[in-house]
Amino acid sequence: MGKRFQLLQGNEAVVEGGIAAGMRFYAGYPITPSTEIAERSALRLPQVGGKFIQMEDEIGGIAAALGASVAGLKSMTATSGPGFSLKQENIGYAAIAEIPIVIVDVQREGPSTGLPTSPSQGDLMQSKWGTHGDHPVIVISPSSVQECYTECIRAFNMAERFRVPVIFLMDEIIGHLREGCELIPSEELTISNRRVDRSFNGTLAYAVQEGNYVPEYAPFGEGDKFNVTGLFHDLDGFPTNDNNITDTQERRLLDKIRMRRDRIQKWEEFECEDCETMIICFGGTARAVQGAIEDSKKMDFIKLGMFRPITVWPFPEEALLKIIKENKHLRQIIVAEHNDGQMLLEVQRIVEGRVPVDFLGKIDGTTITPTDVIDKVKEVY
Amino acid sequence: MAKTEIRMTGSGGQGVIMGTIILAEAAYEDGKHVVQCQAYGPEARGGSSKAETIVSDEKITYTKVIRPDMLLALTQVSLDKYVGCLKNNAIVVVDEEITVPDKIESLHTVYHLPILRGAEEVVKNRMSANIISVGVVNELLHVASQEAVEKAVLNHVPKGTEEVNLNALHYGAQLVQEAQK
């Protein structure tokens, strides 16, 4: 690990965070602007007794990572939009087979191969709904190099604790940014490991104890005979068409996130308690919003606040509603994001017209600047 | 130190990105807040490359350079492309071969320095122009201590080129001292 304080790129800090959390397996296929994640994993994993494999494509990458994870290793794969699309089927597989995994998506602009090197946040809805069917998913988006490290640790903790895919949703602004990062020694970190209860689960891998939502089956290959499948399955993992089992299993999968969301949601509130205009943003966009708030204080300006989901899914809606209820000065919300209005939809759904909601977006491959934010605030005030 | 925005530009392969990483790392080791990033992508191919670092005593929010306090350009194309909107009375450093528009000359402090020729003839390593540039920038702005910059240079240059690169660094500082005489 080396020195405690280092100048790192966001993409590098993700790998350090993963390793600190216990990641010992990475399989993927390099793609801009995420490639440094594969490069650093290739360098660092062998140093800590882990394995790095460059697979034949992105599907192979997530499939290998899932295989390693079901066999007990904390695993990660990383990609950008085109690869993220390819990985969707296996994200659903991870959800139904309850295999922990962290999938990093460093977003790029546009559909298909788009603009490979330009910042974007256009995969926000895909990160929740990209794989088909109702499914649980946790999505975290960092807005600094430090958060690439600390939030990646949290991503692994939650993947392991809830046995779900966790999407680490980054953008090029933060992925390619270098800034200071504190690498926290493992003895000072809280690391969650997968809970295993062989005496309860054993062959009934998918049985769940009373009051719990998560099965605690042992790593595949340690002696318990069970099946792993993407079909709805019975407690031993073998497929079934039973409608009651399907209903119970599907509801439990959704509830394990829904009912524990207070432990999963995380957000930043900056001067939201008395602002007149509140800007809602996530990931790299937050840096422009913070810059705008800083600039606004140097002039006689509307009082600004920032609400930033760090866990973007499940969205911290109770927290947002609380601000709207308690801040009597609030007269405008602006959602700022590098897409055509995706978080906007979620905010509109939650706010339900209690406060006017406006939008600042960019989809040309350039970044939102503090001046863009200030101008938008003036325009809609 | 107030927030200082530095932009270095040149043609791909001259190492301006590494130059800004070295400056950022040195300033960070000295306890400053820093960010570093570069133009990344097709727009940076085919002639010019741009890299930026911001150094400050305070936390840095927005990560991109908006109005540079300092612009260093190693080629004409990169100067023309990235001169952008400079801060009032900025420092502009260009290689001696570059023509600077009159408007820039009159509004800013411009140094014409033999960076590329110095790399070739004095330091005797064509690849060291970026390290000479680091020496120039730090002599003008003092974003980091000499010791921290030397350490950062040694962290990033290939084995066997340590001495030549430290010479390049010192030569950069010397160019500024001579120009200021």
# chains A, B, ... in the order shown; residues from 1 in each chain; ligands from 1
>>> residues_around(residues="Tyr111 in chain B", least_positions_apart="4", cutoff="9 Å", atoms="only C-alpha atoms", output="list of chain:residue names")
B:Ile91, B:Val92, B:Val93, B:Val94, B:Asp95, B:Glu96, B:Val176, B:Ala179
>>> write_last_selection(atoms="N, CA and C atoms", output="PDB file, in the first residue's frame")
ATOM      1  N   ILE B  91       1.182  34.719 -16.351  1.00  0.00           N
ATOM      2  CA  ILE B  91       2.537  34.456 -16.838  1.00  0.00           C
ATOM      3  C   ILE B  91       2.427  33.481 -18.004  1.00  0.00           C
ATOM      4  N   VAL B  92       3.049  33.844 -19.114  1.00  0.00           N
ATOM      5  CA  VAL B  92       3.036  32.962 -20.274  1.00  0.00           C
ATOM      6  C   VAL B  92       4.477  32.584 -20.584  1.00  0.00           C
ATOM      7  N   VAL B  93       4.751  31.295 -20.626  1.00  0.00           N
ATOM      8  CA  VAL B  93       6.098  30.842 -20.976  1.00  0.00           C
ATOM      9  C   VAL B  93       5.996  30.082 -22.288  1.00  0.00           C
ATOM     10  N   VAL B  94       6.820  30.464 -23.248  1.00  0.00           N
ATOM     11  CA  VAL B  94       6.799  29.743 -24.521  1.00  0.00           C
ATOM     12  C   VAL B  94       8.219  29.380 -24.925  1.00  0.00           C
ATOM     13  N   ASP B  95       8.319  28.346 -25.713  1.00  0.00           N
ATOM     14  CA  ASP B  95       9.619  28.024 -26.286  1.00  0.00           C
ATOM     15  C   ASP B  95      10.039  29.166 -27.206  1.00  0.00           C
ATOM     16  N   GLU B  96      11.324  29.369 -27.327  1.00  0.00           N
ATOM     17  CA  GLU B  96      11.835  30.522 -28.079  1.00  0.00           C
ATOM     18  C   GLU B  96      11.380  30.562 -29.541  1.00  0.00           C
ATOM     19  N   VAL B 176      14.974  30.876 -15.961  1.00  0.00           N
ATOM     20  CA  VAL B 176      14.126  31.942 -15.406  1.00  0.00           C
ATOM     21  C   VAL B 176      14.982  33.001 -14.724  1.00  0.00           C
ATOM     22  N   ALA B 179      16.549  35.149 -17.271  1.00  0.00           N
ATOM     23  CA  ALA B 179      15.582  36.014 -17.954  1.00  0.00           C
ATOM     24  C   ALA B 179      15.152  37.179 -17.064  1.00  0.00           C
TER      25      ALA B 179
END
>>> interface_residues(of="chain B", to="chain A", cutoff="7 Å", atoms="only C-alpha atoms", output="compact mmCIF listing (two decimals) with C-alpha atoms, in the first residue's frame")
# COMPACT_ATOMS: atom_id res chain seq x y z
CA GLU B 25 2.80 15.51 -6.53
CA VAL B 34 -3.87 19.85 -5.57
CA VAL B 35 -5.81 18.49 -8.50
CA GLN B 36 -4.35 17.38 -11.81
CA CYS B 37 -6.06 16.40 -15.02
CA TYR B 40 -8.02 13.23 -22.71
CA GLY B 41 -9.25 12.08 -26.05
CA THR B 61 -13.85 22.21 -5.49
CA TYR B 62 -14.14 22.57 -9.27
CA THR B 63 -11.46 20.41 -10.84
>>> residues_around(residues="Arg117 in chain B", least_positions_apart="5", cutoff="10 Å", atoms="only C-alpha atoms", output="PyMOL selection string")
chain B and resi 95-97+122-126+129
>>> write_last_selection(atoms="N, CA and C atoms", output="compact mmCIF listing (two decimals), in the first residue's frame")
# COMPACT_ATOMS: atom_id res chain seq x y z
N ASP B 95 8.32 28.35 -25.71
CA ASP B 95 9.62 28.02 -26.29
C ASP B 95 10.04 29.17 -27.21
N GLU B 96 11.32 29.37 -27.33
CA GLU B 96 11.83 30.52 -28.08
C GLU B 96 11.38 30.56 -29.54
N GLU B 97 11.03 29.41 -30.07
CA GLU B 97 10.64 29.35 -31.49
C GLU B 97 9.22 29.87 -31.73
N VAL B 122 22.05 21.53 -24.08
CA VAL B 122 22.65 21.71 -22.76
C VAL B 122 22.46 20.45 -21.90
N VAL B 123 21.21 20.02 -21.78
CA VAL B 123 20.95 18.82 -20.95
C VAL B 123 21.30 17.55 -21.73
N LYS B 124 21.31 17.69 -23.03
CA LYS B 124 21.64 16.60 -23.95
C LYS B 124 20.68 15.42 -23.80
N ASN B 125 19.40 15.75 -23.65
CA ASN B 125 18.35 14.72 -23.65
C ASN B 125 17.07 15.40 -24.12
N ARG B 126 16.72 15.11 -25.37
CA ARG B 126 15.57 15.73 -26.00
C ARG B 126 14.29 15.52 -25.18
N ALA B 129 12.58 18.03 -22.00
CA ALA B 129 11.96 19.36 -22.11
C ALA B 129 10.86 19.55 -21.06
>>> residues_around(residues="Glu147 in chain B", least_positions_apart="2", cutoff="12 Å", atoms="only C-alpha atoms", output="number ranges by chain")
B: 23, 25-27, 29-30, 135, 138, 142-145, 149-154, 166, 169-170
>>> write_last_selection(atoms="N, CA and C atoms", output="mmCIF file, in the first residue's frame")
data_model
loop_
_atom_site.group_PDB
_atom_site.id
_atom_site.type_symbol
_atom_site.label_atom_id
_atom_site.label_comp_id
_atom_site.auth_asym_id
_atom_site.auth_seq_id
_atom_site.Cartn_x
_atom_site.Cartn_y
_atom_site.Cartn_z
ATOM 1 N N LEU B 23 4.565 18.318 -10.765
ATOM 2 C CA LEU B 23 4.287 19.533 -9.993
ATOM 3 C C LEU B 23 3.216 19.280 -8.934
ATOM 4 N N GLU B 25 2.323 16.414 -7.582
ATOM 5 C CA GLU B 25 2.800 15.505 -6.531
ATOM 6 C C GLU B 25 3.713 16.240 -5.545
ATOM 7 N N ALA B 26 4.596 17.095 -6.086
ATOM 8 C CA ALA B 26 5.512 17.839 -5.210
ATOM 9 C C ALA B 26 4.729 18.768 -4.290
ATOM 10 N N ALA B 27 3.767 19.478 -4.842
ATOM 11 C CA ALA B 27 2.984 20.406 -4.024
ATOM 12 C C ALA B 27 2.161 19.642 -2.988
ATOM 13 N N GLU B 29 2.962 16.765 -1.627
ATOM 14 C CA GLU B 29 3.888 16.306 -0.581
ATOM 15 C C GLU B 29 4.248 17.449 0.368
ATOM 16 N N ASP B 30 4.187 18.671 -0.135
ATOM 17 C CA ASP B 30 4.452 19.833 0.712
ATOM 18 C C ASP B 30 3.211 20.274 1.490
ATOM 19 N N GLY B 135 10.967 22.870 -13.957
ATOM 20 C CA GLY B 135 11.913 23.788 -13.300
ATOM 21 C C GLY B 135 11.519 25.230 -13.526
ATOM 22 N N ASN B 138 8.173 26.077 -11.558
ATOM 23 C CA ASN B 138 8.324 26.183 -10.106
ATOM 24 C C ASN B 138 9.188 27.375 -9.707
ATOM 25 N N HIS B 142 6.767 28.955 -7.479
ATOM 26 C CA HIS B 142 7.097 28.339 -6.185
ATOM 27 C C HIS B 142 5.910 27.584 -5.601
ATOM 28 N N VAL B 143 5.342 26.677 -6.379
ATOM 29 C CA VAL B 143 4.214 25.886 -5.871
ATOM 30 C C VAL B 143 4.688 24.804 -4.892
ATOM 31 N N ALA B 144 5.976 24.441 -4.971
ATOM 32 C CA ALA B 144 6.499 23.408 -4.072
ATOM 33 C C ALA B 144 7.958 23.694 -3.765
ATOM 34 N N SER B 145 8.452 23.080 -2.688
ATOM 35 C CA SER B 145 9.860 23.258 -2.331
ATOM 36 C C SER B 145 10.739 22.540 -3.360
ATOM 37 N N VAL B 149 10.122 18.872 -5.296
ATOM 38 C CA VAL B 149 10.076 18.740 -6.751
ATOM 39 C C VAL B 149 11.130 17.724 -7.210
ATOM 40 N N GLU B 150 12.303 17.810 -6.627
ATOM 41 C CA GLU B 150 13.360 16.851 -7.019
ATOM 42 C C GLU B 150 12.910 15.419 -6.730
ATOM 43 N N LYS B 151 12.296 15.248 -5.576
ATOM 44 C CA LYS B 151 11.820 13.914 -5.203
ATOM 45 C C LYS B 151 10.753 13.413 -6.187
ATOM 46 N N ALA B 152 9.855 14.316 -6.544
ATOM 47 C CA ALA B 152 8.782 13.933 -7.468
ATOM 48 C C ALA B 152 9.359 13.592 -8.845
ATOM 49 N N VAL B 153 10.377 14.356 -9.269
ATOM 50 C CA VAL B 153 11.017 14.045 -10.557
ATOM 51 C C VAL B 153 11.596 12.632 -10.496
ATOM 52 N N LEU B 154 12.314 12.351 -9.411
ATOM 53 C CA LEU B 154 12.960 11.035 -9.301
ATOM 54 C C LEU B 154 11.940 9.900 -9.227
ATOM 55 N N LEU B 166 17.551 15.696 -13.216
ATOM 56 C CA LEU B 166 17.786 16.722 -12.188
ATOM 57 C C LEU B 166 18.516 17.914 -12.803
ATOM 58 N N LEU B 169 15.953 19.953 -14.523
ATOM 59 C CA LEU B 169 15.173 20.734 -13.560
ATOM 60 C C LEU B 169 15.916 22.008 -13.172
ATOM 61 N N HIS B 170 17.198 21.850 -12.861
ATOM 62 C CA HIS B 170 18.005 23.008 -12.452
ATOM 63 C C HIS B 170 18.193 23.972 -13.607
#
>>> closest_residue(among="A:Ser192, A:Pro119, A:Glu36, A:Leu344", to="Ala39 in chain B", atoms="only C-alpha atoms")
A:Pro119
>>> residues_around(residues="Gly202 in chain A", least_positions_apart="5", cutoff="10 Å", atoms="only C-alpha atoms", output="MDAnalysis selection string")
chainID A and resid 196:197 207 216:218 223:226 236
>>> closest_residue(among="B:Ile132, B:Val137, B:Ala73, B:Val55", to="Met1 in chain B", atoms="only C-alpha atoms")
B:Val55
>>> select_by_dssp(residues="range 78-160 of chain B", states="alpha helix (DSSP H)", output="PDB file with N, CA and C atoms, in the first residue's frame")
ATOM      1  N   SER B  78       0.100  24.290 -30.003  1.00  0.00           N
ATOM      2  CA  SER B  78      -0.514  24.124 -28.683  1.00  0.00           C
ATOM      3  C   SER B  78      -0.767  25.473 -28.022  1.00  0.00           C
ATOM      4  N   LEU B  79       0.089  26.450 -28.301  1.00  0.00           N
ATOM      5  CA  LEU B  79      -0.187  27.796 -27.756  1.00  0.00           C
ATOM      6  C   LEU B  79      -1.473  28.334 -28.370  1.00  0.00           C
ATOM      7  N   ASP B  80      -1.546  28.268 -29.688  1.00  0.00           N
ATOM      8  CA  ASP B  80      -2.698  28.833 -30.395  1.00  0.00           C
ATOM      9  C   ASP B  80      -3.995  28.147 -29.940  1.00  0.00           C
ATOM     10  N   LYS B  81      -3.905  26.843 -29.728  1.00  0.00           N
ATOM     11  CA  LYS B  81      -5.111  26.089 -29.404  1.00  0.00           C
ATOM     12  C   LYS B  81      -5.574  26.307 -27.965  1.00  0.00           C
ATOM     13  N   TYR B  82      -4.633  26.426 -27.049  1.00  0.00           N
ATOM     14  CA  TYR B  82      -5.029  26.384 -25.633  1.00  0.00           C
ATOM     15  C   TYR B  82      -4.800  27.693 -24.888  1.00  0.00           C
ATOM     16  N   ASP B 102       0.587  39.777 -30.354  1.00  0.00           N
ATOM     17  CA  ASP B 102       0.890  41.053 -29.689  1.00  0.00           C
ATOM     18  C   ASP B 102      -0.003  41.304 -28.489  1.00  0.00           C
ATOM     19  N   LYS B 103      -1.268  40.929 -28.646  1.00  0.00           N
ATOM     20  CA  LYS B 103      -2.229  41.178 -27.565  1.00  0.00           C
ATOM     21  C   LYS B 103      -1.810  40.458 -26.272  1.00  0.00           C
ATOM     22  N   ILE B 104      -1.345  39.240 -26.436  1.00  0.00           N
ATOM     23  CA  ILE B 104      -0.899  38.466 -25.269  1.00  0.00           C
ATOM     24  C   ILE B 104       0.361  39.110 -24.679  1.00  0.00           C
ATOM     25  N   GLU B 105       1.279  39.512 -25.581  1.00  0.00           N
ATOM     26  CA  GLU B 105       2.525  40.152 -25.134  1.00  0.00           C
ATOM     27  C   GLU B 105       2.232  41.397 -24.297  1.00  0.00           C
ATOM     28  N   SER B 106       1.221  42.163 -24.735  1.00  0.00           N
ATOM     29  CA  SER B 106       0.983  43.433 -24.054  1.00  0.00           C
ATOM     30  C   SER B 106       0.207  43.264 -22.748  1.00  0.00           C
ATOM     31  N   LEU B 107      -0.609  42.242 -22.671  1.00  0.00           N
ATOM     32  CA  LEU B 107      -1.463  42.084 -21.478  1.00  0.00           C
ATOM     33  C   LEU B 107      -0.818  41.223 -20.379  1.00  0.00           C
ATOM     34  N   ILE B 115      13.696  26.298 -24.313  1.00  0.00           N
ATOM     35  CA  ILE B 115      13.453  25.034 -23.598  1.00  0.00           C
ATOM     36  C   ILE B 115      13.835  23.821 -24.452  1.00  0.00           C
ATOM     37  N   LEU B 116      13.354  23.797 -25.697  1.00  0.00           N
ATOM     38  CA  LEU B 116      13.631  22.620 -26.549  1.00  0.00           C
ATOM     39  C   LEU B 116      15.106  22.567 -26.939  1.00  0.00           C
ATOM     40  N   ARG B 117      15.691  23.733 -27.260  1.00  0.00           N
ATOM     41  CA  ARG B 117      17.107  23.762 -27.626  1.00  0.00           C
ATOM     42  C   ARG B 117      17.969  23.377 -26.411  1.00  0.00           C
ATOM     43  N   ALA B 129      12.578  18.031 -22.003  1.00  0.00           N
ATOM     44  CA  ALA B 129      11.961  19.364 -22.114  1.00  0.00           C
ATOM     45  C   ALA B 129      10.860  19.551 -21.064  1.00  0.00           C
ATOM     46  N   ASN B 130      10.158  18.475 -20.764  1.00  0.00           N
ATOM     47  CA  ASN B 130       9.071  18.626 -19.759  1.00  0.00           C
ATOM     48  C   ASN B 130       9.643  18.882 -18.367  1.00  0.00           C
ATOM     49  N   ILE B 131      10.789  18.299 -18.072  1.00  0.00           N
ATOM     50  CA  ILE B 131      11.377  18.502 -16.743  1.00  0.00           C
ATOM     51  C   ILE B 131      11.980  19.912 -16.655  1.00  0.00           C
ATOM     52  N   ILE B 132      12.577  20.363 -17.768  1.00  0.00           N
ATOM     53  CA  ILE B 132      13.019  21.763 -17.798  1.00  0.00           C
ATOM     54  C   ILE B 132      11.815  22.668 -17.517  1.00  0.00           C
ATOM     55  N   SER B 133      10.685  22.325 -18.146  1.00  0.00           N
ATOM     56  CA  SER B 133       9.469  23.126 -17.961  1.00  0.00           C
ATOM     57  C   SER B 133       9.020  23.135 -16.500  1.00  0.00           C
ATOM     58  N   VAL B 134       9.128  21.992 -15.836  1.00  0.00           N
ATOM     59  CA  VAL B 134       8.778  21.934 -14.412  1.00  0.00           C
ATOM     60  C   VAL B 134       9.686  22.890 -13.628  1.00  0.00           C
ATOM     61  N   GLY B 135      10.967  22.870 -13.957  1.00  0.00           N
ATOM     62  CA  GLY B 135      11.913  23.788 -13.300  1.00  0.00           C
ATOM     63  C   GLY B 135      11.519  25.230 -13.526  1.00  0.00           C
ATOM     64  N   VAL B 136      11.120  25.537 -14.756  1.00  0.00           N
ATOM     65  CA  VAL B 136      10.705  26.909 -15.101  1.00  0.00           C
ATOM     66  C   VAL B 136       9.471  27.302 -14.279  1.00  0.00           C
ATOM     67  N   VAL B 137       8.469  26.466 -14.320  1.00  0.00           N
ATOM     68  CA  VAL B 137       7.204  26.802 -13.652  1.00  0.00           C
ATOM     69  C   VAL B 137       7.422  26.987 -12.155  1.00  0.00           C
ATOM     70  N   ASN B 138       8.173  26.077 -11.558  1.00  0.00           N
ATOM     71  CA  ASN B 138       8.324  26.183 -10.106  1.00  0.00           C
ATOM     72  C   ASN B 138       9.188  27.375  -9.707  1.00  0.00           C
ATOM     73  N   GLU B 139      10.138  27.730 -10.552  1.00  0.00           N
ATOM     74  CA  GLU B 139      10.955  28.912 -10.255  1.00  0.00           C
ATOM     75  C   GLU B 139      10.094  30.181 -10.323  1.00  0.00           C
ATOM     76  N   LEU B 140       9.114  30.179 -11.205  1.00  0.00           N
ATOM     77  CA  LEU B 140       8.252  31.364 -11.358  1.00  0.00           C
ATOM     78  C   LEU B 140       7.150  31.404 -10.302  1.00  0.00           C
ATOM     79  N   LEU B 141       6.617  30.246  -9.937  1.00  0.00           N
ATOM     80  CA  LEU B 141       5.428  30.234  -9.055  1.00  0.00           C
ATOM     81  C   LEU B 141       5.686  29.692  -7.655  1.00  0.00           C
ATOM     82  N   GLN B 146      11.965  23.012  -3.464  1.00  0.00           N
ATOM     83  CA  GLN B 146      12.909  22.398  -4.403  1.00  0.00           C
ATOM     84  C   GLN B 146      13.068  20.909  -4.100  1.00  0.00           C
ATOM     85  N   GLU B 147      13.155  20.610  -2.807  1.00  0.00           N
ATOM     86  CA  GLU B 147      13.360  19.224  -2.382  1.00  0.00           C
ATOM     87  C   GLU B 147      12.197  18.326  -2.847  1.00  0.00           C
ATOM     88  N   ALA B 148      10.978  18.833  -2.657  1.00  0.00           N
ATOM     89  CA  ALA B 148       9.801  18.036  -3.034  1.00  0.00           C
ATOM     90  C   ALA B 148       9.742  17.843  -4.549  1.00  0.00           C
ATOM     91  N   VAL B 149      10.122  18.872  -5.296  1.00  0.00           N
ATOM     92  CA  VAL B 149      10.076  18.740  -6.751  1.00  0.00           C
ATOM     93  C   VAL B 149      11.130  17.724  -7.210  1.00  0.00           C
ATOM     94  N   GLU B 150      12.303  17.810  -6.627  1.00  0.00           N
ATOM     95  CA  GLU B 150      13.360  16.851  -7.019  1.00  0.00           C
ATOM     96  C   GLU B 150      12.910  15.419  -6.730  1.00  0.00           C
ATOM     97  N   LYS B 151      12.296  15.248  -5.576  1.00  0.00           N
ATOM     98  CA  LYS B 151      11.820  13.914  -5.203  1.00  0.00           C
ATOM     99  C   LYS B 151      10.753  13.413  -6.187  1.00  0.00           C
ATOM    100  N   ALA B 152       9.855  14.316  -6.544  1.00  0.00           N
ATOM    101  CA  ALA B 152       8.782  13.933  -7.468  1.00  0.00           C
ATOM    102  C   ALA B 152       9.359  13.592  -8.845  1.00  0.00           C
ATOM    103  N   VAL B 153      10.377  14.356  -9.269  1.00  0.00           N
ATOM    104  CA  VAL B 153      11.017  14.045 -10.557  1.00  0.00           C
ATOM    105  C   VAL B 153      11.596  12.632 -10.496  1.00  0.00           C
ATOM    106  N   LEU B 154      12.314  12.351  -9.411  1.00  0.00           N
ATOM    107  CA  LEU B 154      12.960  11.035  -9.301  1.00  0.00           C
ATOM    108  C   LEU B 154      11.940   9.900  -9.227  1.00  0.00           C
ATOM    109  N   ASN B 155      10.754  10.198  -8.699  1.00  0.00           N
ATOM    110  CA  ASN B 155       9.687   9.189  -8.647  1.00  0.00           C
ATOM    111  C   ASN B 155       9.178   8.790 -10.027  1.00  0.00           C
ATOM    112  N   HIS B 156       9.349   9.673 -10.988  1.00  0.00           N
ATOM    113  CA  HIS B 156       8.665   9.459 -12.267  1.00  0.00           C
ATOM    114  C   HIS B 156       9.572   9.247 -13.475  1.00  0.00           C
TER     115      HIS B 156
END
>>> atom_distance(atom1="CA of Lys256 in chain A", atom2="CA of Tyr26 in chain A")
26.0 Å
